[in-house]
Every structure is written in C-alpha cells, then in structure tokens.
$ cat model.cif   # mmCIF, C-alpha atoms
data_work
#
loop_
_atom_site.label_atom_id
_atom_site.label_comp_id
_atom_site.auth_asym_id
_atom_site.auth_seq_id
_atom_site.Cartn_x
_atom_site.Cartn_y
_atom_site.Cartn_z
CA MET A 1 32.61 51.49 14.04
CA SER A 2 35.33 52.44 11.60
CA MET A 3 35.16 55.66 9.60
CA ILE A 4 33.85 55.07 6.15
CA GLU A 5 35.35 56.89 3.23
CA ALA A 6 33.42 59.72 1.62
CA PRO A 7 31.50 58.80 -1.53
CA PHE A 8 32.70 59.92 -4.93
CA ARG A 9 31.14 63.13 -6.19
CA ASN A 10 28.41 63.29 -8.81
CA PHE A 11 29.49 64.41 -12.26
CA ALA A 12 29.09 68.05 -13.23
CA PRO A 13 26.08 68.55 -15.53
CA GLY A 14 26.96 68.17 -19.22
CA SER A 15 30.46 66.89 -18.52
CA GLN A 16 29.75 63.27 -19.53
CA PRO A 17 28.25 61.97 -22.79
CA PRO A 18 24.76 60.46 -22.49
CA ASN A 19 24.48 56.90 -23.75
CA ASP A 20 21.36 57.95 -25.69
CA SER A 21 23.32 59.76 -28.40
CA PRO A 22 21.64 58.69 -31.66
CA ASP A 23 24.07 60.53 -33.96
CA TYR A 24 26.49 57.78 -32.89
CA ARG A 25 24.48 54.99 -34.44
CA SER A 26 25.83 52.11 -32.37
CA THR A 27 24.19 53.66 -29.30
CA ILE A 28 20.67 53.23 -30.69
CA LEU A 29 20.17 49.60 -29.63
CA ARG A 30 22.71 49.64 -26.83
CA HIS A 31 21.60 52.41 -24.49
CA PRO A 32 19.26 51.58 -21.60
CA THR A 33 15.87 53.21 -22.02
CA LYS A 34 15.02 53.05 -18.33
CA LYS A 35 16.47 55.55 -15.91
CA LEU A 36 19.57 54.39 -14.09
CA ILE A 37 18.92 53.86 -10.40
CA LYS A 38 21.09 55.99 -8.15
CA ILE A 39 22.68 53.93 -5.39
CA PRO A 40 24.78 55.01 -2.41
CA HIS A 41 28.46 54.22 -2.52
CA THR A 42 29.13 51.21 -0.35
CA VAL A 43 32.29 49.23 0.31
CA THR A 44 31.83 47.79 -3.19
CA GLU A 45 31.89 51.13 -5.02
CA LEU A 46 34.40 52.87 -2.74
CA ASN A 47 37.13 50.29 -3.18
CA GLY A 48 38.53 49.01 -6.42
CA PRO A 49 41.09 46.76 -8.01
CA ARG A 50 44.79 47.36 -7.43
CA PHE A 51 47.46 46.90 -10.06
CA SER A 52 51.19 47.03 -9.47
CA PRO A 53 54.15 47.43 -11.82
CA GLU A 54 55.54 44.16 -10.41
CA GLN A 55 52.51 42.28 -11.73
CA PHE A 56 52.05 44.36 -14.85
CA PRO A 57 55.39 45.54 -16.24
CA PRO A 58 55.24 49.05 -17.71
CA THR A 59 55.76 49.56 -21.44
CA ASP A 60 56.17 53.30 -21.82
CA ASN A 61 57.92 53.43 -25.20
CA ILE A 62 55.70 51.74 -27.78
CA ALA A 63 57.33 53.48 -30.74
CA VAL A 64 60.05 50.85 -30.81
CA ASN A 65 59.87 47.06 -31.02
CA ASN A 66 62.99 45.00 -30.24
CA GLY A 67 65.15 47.91 -31.33
CA LYS A 68 63.21 48.58 -34.53
CA GLU A 69 61.46 51.91 -34.86
CA ALA A 70 57.76 51.87 -35.68
CA LEU A 71 56.72 53.78 -38.79
CA GLY A 72 55.17 57.21 -38.46
CA GLU A 73 55.62 60.38 -36.47
CA ARG A 74 57.09 59.70 -33.02
CA ILE A 75 55.34 61.69 -30.30
CA ILE A 76 55.49 62.02 -26.54
CA VAL A 77 52.18 62.09 -24.67
CA ALA A 78 52.43 63.12 -21.04
CA GLY A 79 50.29 64.58 -18.31
CA HIS A 80 49.04 64.22 -14.78
CA VAL A 81 46.25 62.17 -13.30
CA ARG A 82 44.55 64.11 -10.53
CA ASP A 83 41.19 64.11 -8.82
CA GLU A 84 38.68 66.95 -8.99
CA ASP A 85 40.29 68.57 -5.96
CA GLY A 86 43.65 68.67 -7.70
CA ARG A 87 45.15 65.87 -5.63
CA PRO A 88 47.57 63.64 -7.55
CA VAL A 89 46.42 60.09 -8.18
CA ALA A 90 49.75 58.38 -7.51
CA ASN A 91 50.87 54.91 -8.58
CA THR A 92 47.77 54.33 -10.66
CA MET A 93 47.81 52.28 -13.85
CA VAL A 94 47.30 54.10 -17.16
CA GLU A 95 46.84 51.97 -20.27
CA ILE A 96 46.58 53.11 -23.88
CA TRP A 97 45.73 51.49 -27.18
CA GLN A 98 45.57 53.01 -30.63
CA ALA A 99 45.78 52.65 -34.41
CA ASN A 100 49.14 52.86 -36.14
CA ALA A 101 50.30 55.78 -38.26
CA ALA A 102 48.31 54.48 -41.23
CA GLY A 103 45.06 54.30 -39.23
CA ARG A 104 45.02 50.53 -38.72
CA TYR A 105 44.67 48.66 -35.43
CA ASN A 106 46.69 45.52 -34.86
CA HIS A 107 43.37 43.70 -34.35
CA ASP A 108 41.83 40.81 -36.31
CA ARG A 109 38.53 42.59 -36.78
CA ASP A 110 40.05 45.76 -38.20
CA GLN A 111 39.78 45.26 -41.96
CA HIS A 112 40.61 48.82 -43.00
CA ASP A 113 42.66 48.79 -46.19
CA ALA A 114 45.75 50.33 -44.65
CA PRO A 115 49.04 48.60 -43.85
CA LEU A 116 49.87 47.00 -40.53
CA ASP A 117 53.25 47.82 -39.04
CA PRO A 118 55.05 44.75 -37.65
CA ASP A 119 56.86 47.06 -35.25
CA PHE A 120 53.79 48.71 -33.81
CA ALA A 121 51.44 46.80 -31.51
CA GLY A 122 49.71 49.94 -30.31
CA ILE A 123 49.40 49.02 -26.63
CA GLY A 124 51.11 50.74 -23.70
CA ARG A 125 50.99 50.69 -19.92
CA VAL A 126 52.55 52.97 -17.31
CA PHE A 127 52.01 53.82 -13.66
CA THR A 128 51.81 57.39 -12.42
CA ASP A 129 54.52 58.65 -10.07
CA GLU A 130 53.97 60.31 -6.69
CA THR A 131 52.86 63.54 -8.39
CA GLY A 132 50.38 61.72 -10.63
CA ALA A 133 52.60 62.23 -13.70
CA TYR A 134 52.69 59.73 -16.58
CA ARG A 135 54.46 59.70 -19.94
CA PHE A 136 54.30 57.58 -23.09
CA ILE A 137 56.39 57.57 -26.25
CA THR A 138 54.29 56.48 -29.19
CA ILE A 139 53.42 57.15 -32.84
CA LYS A 140 50.81 59.68 -33.90
CA PRO A 141 47.78 57.53 -34.84
CA GLY A 142 46.19 57.92 -38.26
CA SER A 143 42.52 58.51 -39.04
CA TYR A 144 40.41 55.62 -40.22
CA PRO A 145 36.99 55.25 -41.83
CA TRP A 146 33.95 53.80 -40.11
CA GLY A 147 30.38 53.16 -41.13
CA ASN A 148 28.51 55.64 -38.98
CA HIS A 149 27.58 58.11 -41.75
CA TYR A 150 28.64 59.05 -45.26
CA ASN A 151 32.43 59.12 -45.58
CA ALA A 152 32.83 59.00 -41.80
CA TRP A 153 36.39 59.02 -40.43
CA ARG A 154 37.38 59.02 -36.80
CA PRO A 155 39.61 61.90 -35.74
CA ASN A 156 43.08 60.82 -34.66
CA HIS A 157 42.83 59.50 -31.13
CA ILE A 158 44.49 57.43 -28.44
CA HIS A 159 42.30 55.30 -26.12
CA PHE A 160 42.99 55.56 -22.38
CA SER A 161 41.94 53.19 -19.60
CA LEU A 162 42.25 54.02 -15.90
CA PHE A 163 40.81 52.58 -12.72
CA GLY A 164 41.64 55.17 -10.06
CA PRO A 165 41.01 54.57 -6.36
CA GLY A 166 37.53 52.99 -6.47
CA TYR A 167 35.19 50.96 -8.60
CA ALA A 168 33.21 54.17 -9.19
CA THR A 169 36.24 55.99 -10.64
CA ARG A 170 36.70 53.69 -13.67
CA LEU A 171 37.45 55.80 -16.73
CA ILE A 172 37.70 54.90 -20.39
CA THR A 173 38.35 57.91 -22.58
CA GLN A 174 40.07 59.08 -25.76
CA MET A 175 42.68 61.77 -26.27
CA TYR A 176 42.32 63.76 -29.49
CA PHE A 177 44.75 66.06 -31.30
CA PRO A 178 44.48 69.83 -31.68
CA GLY A 179 43.40 71.27 -35.00
CA ASP A 180 41.87 68.04 -36.30
CA PRO A 181 39.12 68.98 -38.79
CA LEU A 182 37.33 65.69 -38.10
CA LEU A 183 36.51 66.69 -34.52
CA ALA A 184 33.67 68.92 -35.71
CA LEU A 185 32.15 65.94 -37.53
CA ASP A 186 32.67 63.17 -34.98
CA PRO A 187 29.53 62.05 -33.09
CA ILE A 188 31.59 60.34 -30.38
CA PHE A 189 33.56 63.50 -29.58
CA LEU A 190 30.47 65.70 -29.97
CA ALA A 191 28.30 63.55 -27.67
CA THR A 192 29.60 65.32 -24.57
CA PRO A 193 27.24 68.31 -24.21
CA ASP A 194 29.61 70.75 -22.52
CA ALA A 195 32.04 72.32 -24.99
CA ALA A 196 34.72 72.90 -22.35
CA ALA A 197 34.51 69.24 -21.31
CA ARG A 198 34.98 68.22 -24.96
CA ASP A 199 37.95 70.54 -25.35
CA ARG A 200 39.64 68.90 -22.37
CA LEU A 201 39.73 65.68 -24.40
CA ILE A 202 42.10 67.37 -26.86
CA GLY A 203 45.76 67.02 -26.00
CA LYS A 204 47.65 70.32 -25.85
CA PHE A 205 50.54 70.79 -28.25
CA ASP A 206 53.54 71.52 -26.02
CA LEU A 207 57.11 71.96 -27.25
CA ASP A 208 58.48 71.40 -23.75
CA THR A 209 56.84 67.98 -23.50
CA GLY A 210 58.62 67.02 -26.70
CA LYS A 211 62.34 66.55 -27.21
CA PRO A 212 64.40 68.62 -29.70
CA PHE A 213 65.37 66.77 -32.88
CA TRP A 214 63.46 63.70 -31.68
CA ALA A 215 59.72 64.07 -30.97
CA LEU A 216 56.89 66.57 -30.63
CA GLY A 217 54.88 66.45 -27.44
CA TYR A 218 51.29 66.66 -26.30
CA ARG A 219 49.98 67.16 -22.78
CA PHE A 220 46.87 65.32 -21.70
CA ASP A 221 45.81 65.79 -18.10
CA ILE A 222 43.22 63.40 -16.75
CA VAL A 223 40.81 64.20 -13.93
CA LEU A 224 39.15 61.43 -11.96
CA ARG A 225 36.12 61.93 -9.72
CA GLY A 226 36.85 63.56 -6.38
CA ARG A 227 35.14 62.76 -3.10
CA ASP A 228 32.32 64.58 -1.42
CA ALA A 229 33.55 66.85 1.35
CA THR A 230 31.49 65.22 4.07
CA PRO A 231 31.60 61.49 4.63
CA MET A 232 28.17 59.91 4.53
CA GLU A 233 26.70 58.85 7.84
CA PRO A 234 27.97 55.31 8.29
CA MET B 1 37.50 72.69 -8.73
CA ALA B 2 38.46 70.64 -11.75
CA ILE B 3 35.84 68.57 -13.52
CA ALA B 4 36.20 64.86 -14.17
CA THR B 5 37.35 63.92 -17.67
CA ALA B 6 34.58 62.88 -20.05
CA SER B 7 34.18 59.19 -20.76
CA GLN B 8 34.38 57.93 -24.35
CA THR B 9 33.48 54.55 -25.77
CA ILE B 10 35.86 51.63 -25.36
CA GLY B 11 35.20 50.90 -29.07
CA PRO B 12 35.48 47.63 -30.98
CA TYR B 13 39.25 47.16 -30.63
CA TRP B 14 39.66 47.21 -26.85
CA HIS B 15 40.82 43.57 -27.02
CA LEU B 16 44.33 44.88 -27.59
CA LEU B 17 44.32 45.27 -23.80
CA GLU B 18 42.81 41.89 -23.12
CA ASP B 19 44.49 39.17 -21.14
CA ALA B 20 42.15 36.17 -21.26
CA SER B 21 43.54 34.85 -17.96
CA TRP B 22 41.85 37.75 -16.19
CA ALA B 23 38.51 35.94 -16.49
CA ASP B 24 39.77 33.47 -13.88
CA LEU B 25 40.00 35.19 -10.50
CA THR B 26 41.33 31.97 -8.94
CA ARG B 27 44.37 31.83 -11.24
CA PHE B 28 46.77 32.87 -8.47
CA GLY B 29 45.66 30.00 -6.25
CA ALA B 30 42.82 31.48 -4.22
CA THR B 31 40.73 28.81 -2.54
CA GLY B 32 37.16 28.80 -1.37
CA GLU B 33 33.81 28.06 -2.95
CA VAL B 34 34.75 28.27 -6.62
CA ILE B 35 31.89 29.34 -8.89
CA THR B 36 31.41 30.02 -12.58
CA VAL B 37 29.44 33.09 -13.61
CA GLU B 38 28.33 33.15 -17.22
CA GLY B 39 25.76 34.75 -19.46
CA HIS B 40 25.09 36.62 -22.65
CA VAL B 41 25.18 40.31 -23.43
CA ARG B 42 22.34 41.40 -25.73
CA ASP B 43 21.19 44.61 -27.38
CA GLY B 44 17.69 46.04 -27.72
CA GLU B 45 16.76 43.58 -30.46
CA GLY B 46 18.09 40.62 -28.51
CA ALA B 47 21.13 40.34 -30.77
CA ALA B 48 24.31 38.99 -29.21
CA MET B 49 26.89 41.67 -28.51
CA THR B 50 30.07 40.00 -29.67
CA ASP B 51 32.47 42.88 -29.01
CA ALA B 52 31.63 43.69 -25.38
CA CYS B 53 33.96 43.85 -22.41
CA VAL B 54 32.54 42.64 -19.10
CA GLU B 55 34.33 43.53 -15.88
CA ILE B 56 33.53 42.22 -12.42
CA TRP B 57 34.59 43.40 -9.00
CA GLN B 58 33.67 41.98 -5.63
CA SER B 59 34.23 43.35 -2.17
CA SER B 60 34.19 39.81 -0.74
CA PRO B 61 36.40 37.88 -0.38
CA ALA B 62 38.72 40.85 0.04
CA ALA B 63 41.30 41.51 -2.68
CA SER B 64 44.69 39.99 -1.90
CA ASP B 65 47.86 38.83 -3.63
CA ILE B 66 46.14 35.58 -4.54
CA PHE B 67 42.64 36.92 -5.15
CA PRO B 68 42.48 40.01 -7.39
CA ALA B 69 38.72 40.44 -6.75
CA PHE B 70 38.61 41.93 -10.26
CA GLY B 71 38.08 40.16 -13.56
CA ARG B 72 37.61 41.01 -17.21
CA ALA B 73 36.17 38.89 -20.00
CA ALA B 74 35.43 39.47 -23.66
CA THR B 75 32.15 38.24 -25.07
CA ASP B 76 32.59 35.55 -27.71
CA GLY B 77 30.93 35.08 -31.11
CA ASP B 78 27.67 34.25 -29.32
CA GLY B 79 27.86 37.24 -27.00
CA LYS B 80 28.77 34.97 -24.11
CA PHE B 81 31.11 35.76 -21.21
CA ARG B 82 32.37 33.46 -18.49
CA PHE B 83 34.20 34.05 -15.21
CA ARG B 84 35.62 31.72 -12.61
CA THR B 85 35.67 33.28 -9.17
CA LEU B 86 34.87 32.72 -5.51
CA MET B 87 31.40 32.98 -4.02
CA PRO B 88 31.19 36.33 -2.20
CA GLU B 89 29.89 36.72 1.33
CA ALA B 90 27.63 39.39 2.78
CA VAL B 91 29.34 42.73 3.47
CA PRO B 92 28.32 45.82 5.47
CA GLY B 93 26.00 48.34 3.82
CA PRO B 94 24.94 51.89 4.72
CA GLY B 95 23.94 52.39 8.33
CA ASN B 96 23.60 49.11 10.13
CA SER B 97 22.47 47.27 7.04
CA LEU B 98 24.01 44.17 5.56
CA GLN B 99 24.49 43.74 1.83
CA ALA B 100 23.71 40.34 0.42
CA PRO B 101 26.55 38.54 -1.38
CA HIS B 102 26.96 40.31 -4.71
CA ILE B 103 29.33 40.97 -7.58
CA ALA B 104 29.52 44.36 -9.29
CA VAL B 105 29.31 43.94 -13.07
CA THR B 106 30.28 46.56 -15.65
CA VAL B 107 29.64 46.41 -19.39
CA LEU B 108 31.83 48.41 -21.74
CA ALA B 109 31.35 48.29 -25.50
CA ARG B 110 31.19 50.04 -28.81
CA GLY B 111 28.00 52.11 -28.65
CA LEU B 112 28.37 52.82 -24.93
CA LEU B 113 29.80 56.26 -24.32
CA TYR B 114 29.76 55.63 -20.57
CA HIS B 115 30.06 52.11 -19.22
CA LEU B 116 27.04 50.49 -17.59
CA THR B 117 27.21 49.16 -14.05
CA THR B 118 24.93 46.67 -12.38
CA ARG B 119 25.09 44.02 -9.66
CA LEU B 120 24.72 40.28 -9.65
CA TYR B 121 23.00 38.65 -6.68
CA PHE B 122 22.47 34.94 -6.13
CA GLU B 123 19.06 33.30 -6.23
CA GLY B 124 17.91 31.71 -2.99
CA VAL B 125 20.15 33.70 -0.63
CA ALA B 126 18.17 34.83 2.43
CA GLU B 127 20.02 38.17 2.74
CA ASN B 128 18.65 39.27 -0.64
CA GLU B 129 15.35 40.10 1.11
CA ASN B 130 16.96 42.86 3.17
CA ASP B 131 19.65 44.04 0.79
CA PRO B 132 19.65 47.87 0.82
CA ILE B 133 20.56 48.17 -2.87
CA LEU B 134 18.07 45.61 -4.17
CA ALA B 135 15.43 47.44 -2.11
CA LEU B 136 15.98 50.53 -4.28
CA VAL B 137 14.59 48.64 -7.27
CA GLU B 138 10.88 48.91 -6.62
CA ASP B 139 9.51 46.79 -9.47
CA PRO B 140 9.96 43.08 -8.58
CA ALA B 141 10.19 42.13 -12.25
CA ARG B 142 13.05 44.55 -12.72
CA ARG B 143 14.74 43.46 -9.51
CA ASP B 144 14.68 39.97 -10.94
CA THR B 145 17.15 41.07 -13.66
CA LEU B 146 19.80 41.28 -10.93
CA ILE B 147 19.41 37.69 -9.75
CA ALA B 148 21.70 34.99 -11.12
CA ARG B 149 20.33 31.46 -11.34
CA GLN B 150 22.26 28.31 -10.58
CA VAL B 151 21.95 26.18 -13.73
CA SER B 152 24.22 23.37 -12.57
CA PRO B 153 26.29 22.88 -9.42
CA GLY B 154 28.49 25.96 -9.02
CA VAL B 155 27.47 27.48 -12.35
CA TRP B 156 25.46 30.70 -12.18
CA HIS B 157 23.73 32.22 -15.16
CA PHE B 158 23.36 35.99 -15.52
CA ASP B 159 22.31 37.67 -18.76
CA LEU B 160 22.78 41.34 -19.49
CA HIS B 161 20.15 43.04 -21.65
CA LEU B 162 21.16 46.58 -22.45
CA GLN B 163 17.71 47.48 -23.74
CA GLY B 164 14.29 46.01 -24.44
CA PRO B 165 11.60 44.15 -22.49
CA HIS B 166 14.18 42.34 -20.34
CA GLU B 167 16.39 45.39 -19.84
CA THR B 168 18.77 44.85 -16.93
CA VAL B 169 18.64 47.33 -14.09
CA PHE B 170 21.71 49.54 -14.36
CA PHE B 171 22.88 51.76 -11.56
CA ASP B 172 24.06 55.33 -11.44
CA ILE B 173 27.10 55.04 -9.23
#

$ encode --input "model.cif" --output "structure tokens"
Amino acid sequence: MSMIEAPFRNFAPGSQPPNDSPDYRSTILRHPTKKLIKIPHTVTELNGPRFSPEQFPPTDNIAVNNGKEALGERIIVAGHVRDEDGRPVANTMVEIWQANAAGRYNHDRDQHDAPLDPDFAGIGRVFTDETGAYRFITIKPGSYPWGNHYNAWRPNHIHFSLFGPGYATRLITQMYFPGDPLLALDPIFLATPDAAARDRLIGKFDLDTGKPFWALGYRFDIVLRGRDATPMEP
Amino acid sequence: MAIATASQTIGPYWHLLEDASWADLTRFGATGEVITVEGHVRDGEGAAMTDACVEIWQSSPAASDIFPAFGRAATDGDGKFRFRTLMPEAVPGPGNSLQAPHIAVTVLARGLLYHLTTRLYFEGVAENENDPILALVEDPARRDTLIARQVSPGVWHFDLHLQGPHETVFFDI
C-alpha cells in the first residue's frame, strides 16, 4: 500500500470567521443552521486542481492597459505564500480582483455612482516562485458604499483567490490597508473573532516593497493550512 | 507555528475572475462517460442565489492535461448552475474502504465568509451503501441531500440549499 499524505490541520480557534455572523446581513439566510459534519481527508480532499502559467498567462502589472496608465495611486503588493509550518508554497496561482481608484468594479452589477476607468480591469494573476514569493503592481482601490447598515462603506480592499496544494486548502480572502478608519466599522472584517487573525488581513506599509519615485508598497503574506505531523493510518 | 490566513467572502463581483469555459471539464478533449450536472442554489427562504460561484473537483478520473478535474460555474438569473464533466469512478477511502463515485462541490458567495463544501453522489450506485463519508451522515433524510438524480439520460440534478428544511449537508473539511 502506498503512503498516504497527512491530512491538513484543523484551523486554530477564532482564526476563521463563522458563517453565522448576523452583523453582516447577507449571512442571515445563507449560513447553514445545522452543524457541519467533520470528514476525514481522503484522496479527494488531499489533492486539488493544478494551474500552470502556460495555461493561464500571468498578468502581474494591472496598473497599465496597452501602454496607458490606469488612474489612481499606483501601488506594489507583494508577499509570500507559505503553509503553517513556514514552508513556501511554490508555483501556486494567486489571483486578485478589486475596485478601481474611484471605488467602482468593472462589473455589470456594480451600479455605484463612481466613474469606471477604461484602463483598469481590476483583475490580476501571478504564480509564486520557488520561495513562495508573489508580486503585483496595481492601483490602490477606493472605498464604496453598500447596503448593510446606515451609510455603510467597505474599507479599501483587494480580493485574493488561492488554491494551494489540496482541495481543502482553498482560500478566498481580502487584503486591507493600514490605518483605514472603516475597518472598525466593517462587519466582514470584524467577523473573524481573533484580533490578531484580523490584523494579519491588513497589508503592511513597507517602503522597501515600493519603488522610489514610482510606487508605494504593501506586504501581504498569506498562510495556507499546514499538514498534521503524523499521517493518518491508511 | 503560523496560523492560516482568515477567509473572507468572495462577494458579489467575483465574476471578474470567471471564465465560462471552466464549466465544461471536457473542453480539452477528455473522453469517457460525459455527464451534465445541474441544479439550483437557494437560500433559507428558498430564493434563488443568483450571484453564487460553484466549484467542483473530482478525484476520478484523475486530473490530466486533457481533464482538469476542476470546474467553476456562476449561477444564472434563476440561481442555476450547470457543468459538463465525466462520470467519476469509485476511489480508495480511509483504511480498506472504497468511496463511491462522487464529486466534491463548493459554494462561494456573498454572505458566505467561509465557503461551503459538500459532495455529490449518484442515485442508484451500489457503492453508495458502503461509502465511508456518506455513512457519517446518520439521518437518512439528510444523507439524501447528497444524492443527485438522473432526470434525463446523462443529466444529473443536484440542488444546493444553504439553509432551511431541505438544507444540504455541508462538511467540515
């Protein structure tokens, strides 16, 4: 019998937002009310889809479109993707999507009264290198209003999508910006119980990630689930 | 030890990432028993969820250059999703068990801070009786939410109810 890979580790208590988070009103009718059933990780959960730069060409600089600069403040967002044991997650796909500098998504359903930018699609894709490092050049996204509560505005954020090594490591998250006064009012950000886990969603302002006379930089390190130390009995 | 990054909702504008061709797992020329898997995604009041992202992953047939084994579909204005894929076969489970043919199904949407994962099994398959994961769902009525029905030749229907009397069994993986 072949060795089976160790299962992915359970999440640390408080480190993930519960789906039953009524301050975020859209959760009210969309969260399961019955307890999720814990299942062992089998071949289905331990493996996952593979994406390659040959199939999915990287687009790391989304602040420019056919030579035309997008409007807004150019920024560099960079970091590492590692697992909970600090091991780099190499050659993994990292995708982002976001609003433009005015707080408007290039999406039919976004009707916010803010201008679209013909030179900003707001979608990027890169693959990590052997050390797990990734880097995007983009535009700082604007805030935008939403209907959750009186005069609700989302803090500036960039959406991230990663798959990692297995089906159980899928991650959709958002990177926020330091010093944003809207963070203290945002039920999506606040839904994660552990304050340190929330703070890790905030990119770190870092002059060295930026480039003099060109762009400021933010570091956003992403941690995917690690594996249990002992493989389960096959 | 570092701690895994917190999940956040995929939100209503995730379609910026969408490539509609991903709903067809046979698009690169994979051959076999081609099936359609379709259904609706509904909230606790039975309302169609028209902004959901449904992802599927199957461990059989194995992923290859011509079979990605992974698909993604947006729900339409009626909350409906549709995939074209290959019928999976049984795969090994824990111990000496055998898992019945199944497809892992994930729902991501506005209002979900962490995506929901379930499994689709096929009605009338003998291995379902001894599937080690189905066996973890004690209530037969709830187990039934994991069984897709063949509504016409090669077309399997599988609804996802996030809440309510028909709430789908979701797994903590």

$ closest_residue --input "model.cif" --among "B:Gly154, B:Pro132, B:Gly111, B:Gly79" --to "chain A" --atoms "all atoms listed in the file"
B:Gly111

$ resolve_selection --input "model.cif" --expression "the PyMOL selection byres ((chain A) within 6 of (chain B))" --output "ChimeraX atom specification"
/A:15-16,19,26-27,29-30,32,36-39,42,44,49,84-85,172-174,222-225,234

$ residues_around --input "model.cif" --residues "B:Gly39" --least-positions-apart "4" --cutoff "9 Å" --atoms "only C-alpha atoms" --output "CSV table (one decimal) with C-alpha atoms, in the coordinates of the input"
chain,number,residue,atom,x,y,z
B,79,GLY,CA,27.9,37.2,-27.0
B,80,LYS,CA,28.8,35.0,-24.1
B,81,PHE,CA,31.1,35.8,-21.2
B,82,ARG,CA,32.4,33.5,-18.5
B,156,TRP,CA,25.5,30.7,-12.2
B,157,HIS,CA,23.7,32.2,-15.2
B,158,PHE,CA,23.4,36.0,-15.5
B,159,ASP,CA,22.3,37.7,-18.8
B,160,LEU,CA,22.8,41.3,-19.5

$ atom_distance --input "model.cif" --atom1 "atom CA of B:Thr31" --atom2 "atom CA of B:Thr85"
9.5 Å

$ residues_around --input "model.cif" --residues "stretch 154-164 of chain A" --least-positions-apart "2" --cutoff "6 Å" --atoms "only C-alpha atoms" --output "JSON, numbers by chain"
{"A": [94, 95, 96, 97, 98, 141, 142, 143, 144, 166, 169, 170, 171, 172, 173, 174, 175, 176, 182, 183]}

$ resolve_selection --input "model.cif" --expression "the PyMOL selection byres ((chain A and resi 228) around 12)" --output "PyMOL selection string"
chain A and resi 5-11+41+46+83-85+225-227+229-232

$ build_atoms --input "model.cif" --residues "stretch 86-103 of chain B" --atoms "N, CA and C atoms" --output "mmCIF file, in the frame of the given file"
data_model
loop_
_atom_site.group_PDB
_atom_site.id
_atom_site.type_symbol
_atom_site.label_atom_id
_atom_site.label_comp_id
_atom_site.auth_asym_id
_atom_site.auth_seq_id
_atom_site.Cartn_x
_atom_site.Cartn_y
_atom_site.Cartn_z
ATOM 1 N N LEU B 86 35.288 33.281 -6.788
ATOM 2 C CA LEU B 86 34.870 32.720 -5.510
ATOM 3 C C LEU B 86 33.528 33.306 -5.105
ATOM 4 N N MET B 87 32.683 32.491 -4.505
ATOM 5 C CA MET B 87 31.400 32.980 -4.020
ATOM 6 C C MET B 87 31.627 34.069 -2.974
ATOM 7 N N PRO B 88 31.038 35.260 -3.205
ATOM 8 C CA PRO B 88 31.190 36.330 -2.200
ATOM 9 C C PRO B 88 30.344 36.073 -0.960
ATOM 10 N N GLU B 89 30.698 36.768 0.107
ATOM 11 C CA GLU B 89 29.890 36.720 1.330
ATOM 12 C C GLU B 89 29.221 38.072 1.529
ATOM 13 N N ALA B 90 28.295 38.125 2.469
ATOM 14 C CA ALA B 90 27.630 39.390 2.780
ATOM 15 C C ALA B 90 28.661 40.399 3.311
ATOM 16 N N VAL B 91 28.441 41.669 3.007
ATOM 17 C CA VAL B 91 29.340 42.730 3.470
ATOM 18 C C VAL B 91 28.492 43.865 4.044
ATOM 19 N N PRO B 92 29.096 44.717 4.885
ATOM 20 C CA PRO B 92 28.320 45.820 5.470
ATOM 21 C C PRO B 92 27.777 46.772 4.407
ATOM 22 N N GLY B 93 26.601 47.318 4.680
ATOM 23 C CA GLY B 93 26.000 48.340 3.820
ATOM 24 C C GLY B 93 25.852 49.632 4.597
ATOM 25 N N PRO B 94 25.145 50.609 4.017
ATOM 26 C CA PRO B 94 24.940 51.890 4.720
ATOM 27 C C PRO B 94 24.239 51.681 6.052
ATOM 28 N N GLY B 95 24.562 52.512 7.011
ATOM 29 C CA GLY B 95 23.940 52.390 8.330
ATOM 30 C C GLY B 95 24.309 51.068 8.959
ATOM 31 N N ASN B 96 23.328 50.420 9.524
ATOM 32 C CA ASN B 96 23.600 49.110 10.130
ATOM 33 C C ASN B 96 23.186 47.973 9.216
ATOM 34 N N SER B 97 22.981 48.296 7.943
ATOM 35 C CA SER B 97 22.470 47.270 7.040
ATOM 36 C C SER B 97 23.567 46.296 6.623
ATOM 37 N N LEU B 98 23.104 45.194 6.065
ATOM 38 C CA LEU B 98 24.010 44.170 5.560
ATOM 39 C C LEU B 98 23.689 43.993 4.077
ATOM 40 N N GLN B 99 24.726 43.999 3.244
ATOM 41 C CA GLN B 99 24.490 43.740 1.830
ATOM 42 C C GLN B 99 24.618 42.249 1.579
ATOM 43 N N ALA B 100 23.660 41.747 0.811
ATOM 44 C CA ALA B 100 23.710 40.340 0.420
ATOM 45 C C ALA B 100 24.948 40.098 -0.438
ATOM 46 N N PRO B 101 25.410 38.848 -0.503
ATOM 47 C CA PRO B 101 26.550 38.540 -1.380
ATOM 48 C C PRO B 101 26.253 39.035 -2.800
ATOM 49 N N HIS B 102 27.199 39.765 -3.373
ATOM 50 C CA HIS B 102 26.960 40.310 -4.710
ATOM 51 C C HIS B 102 28.284 40.538 -5.424
ATOM 52 N N ILE B 103 28.184 40.645 -6.737
ATOM 53 C CA ILE B 103 29.330 40.970 -7.580
ATOM 54 C C ILE B 103 28.935 42.185 -8.414
#
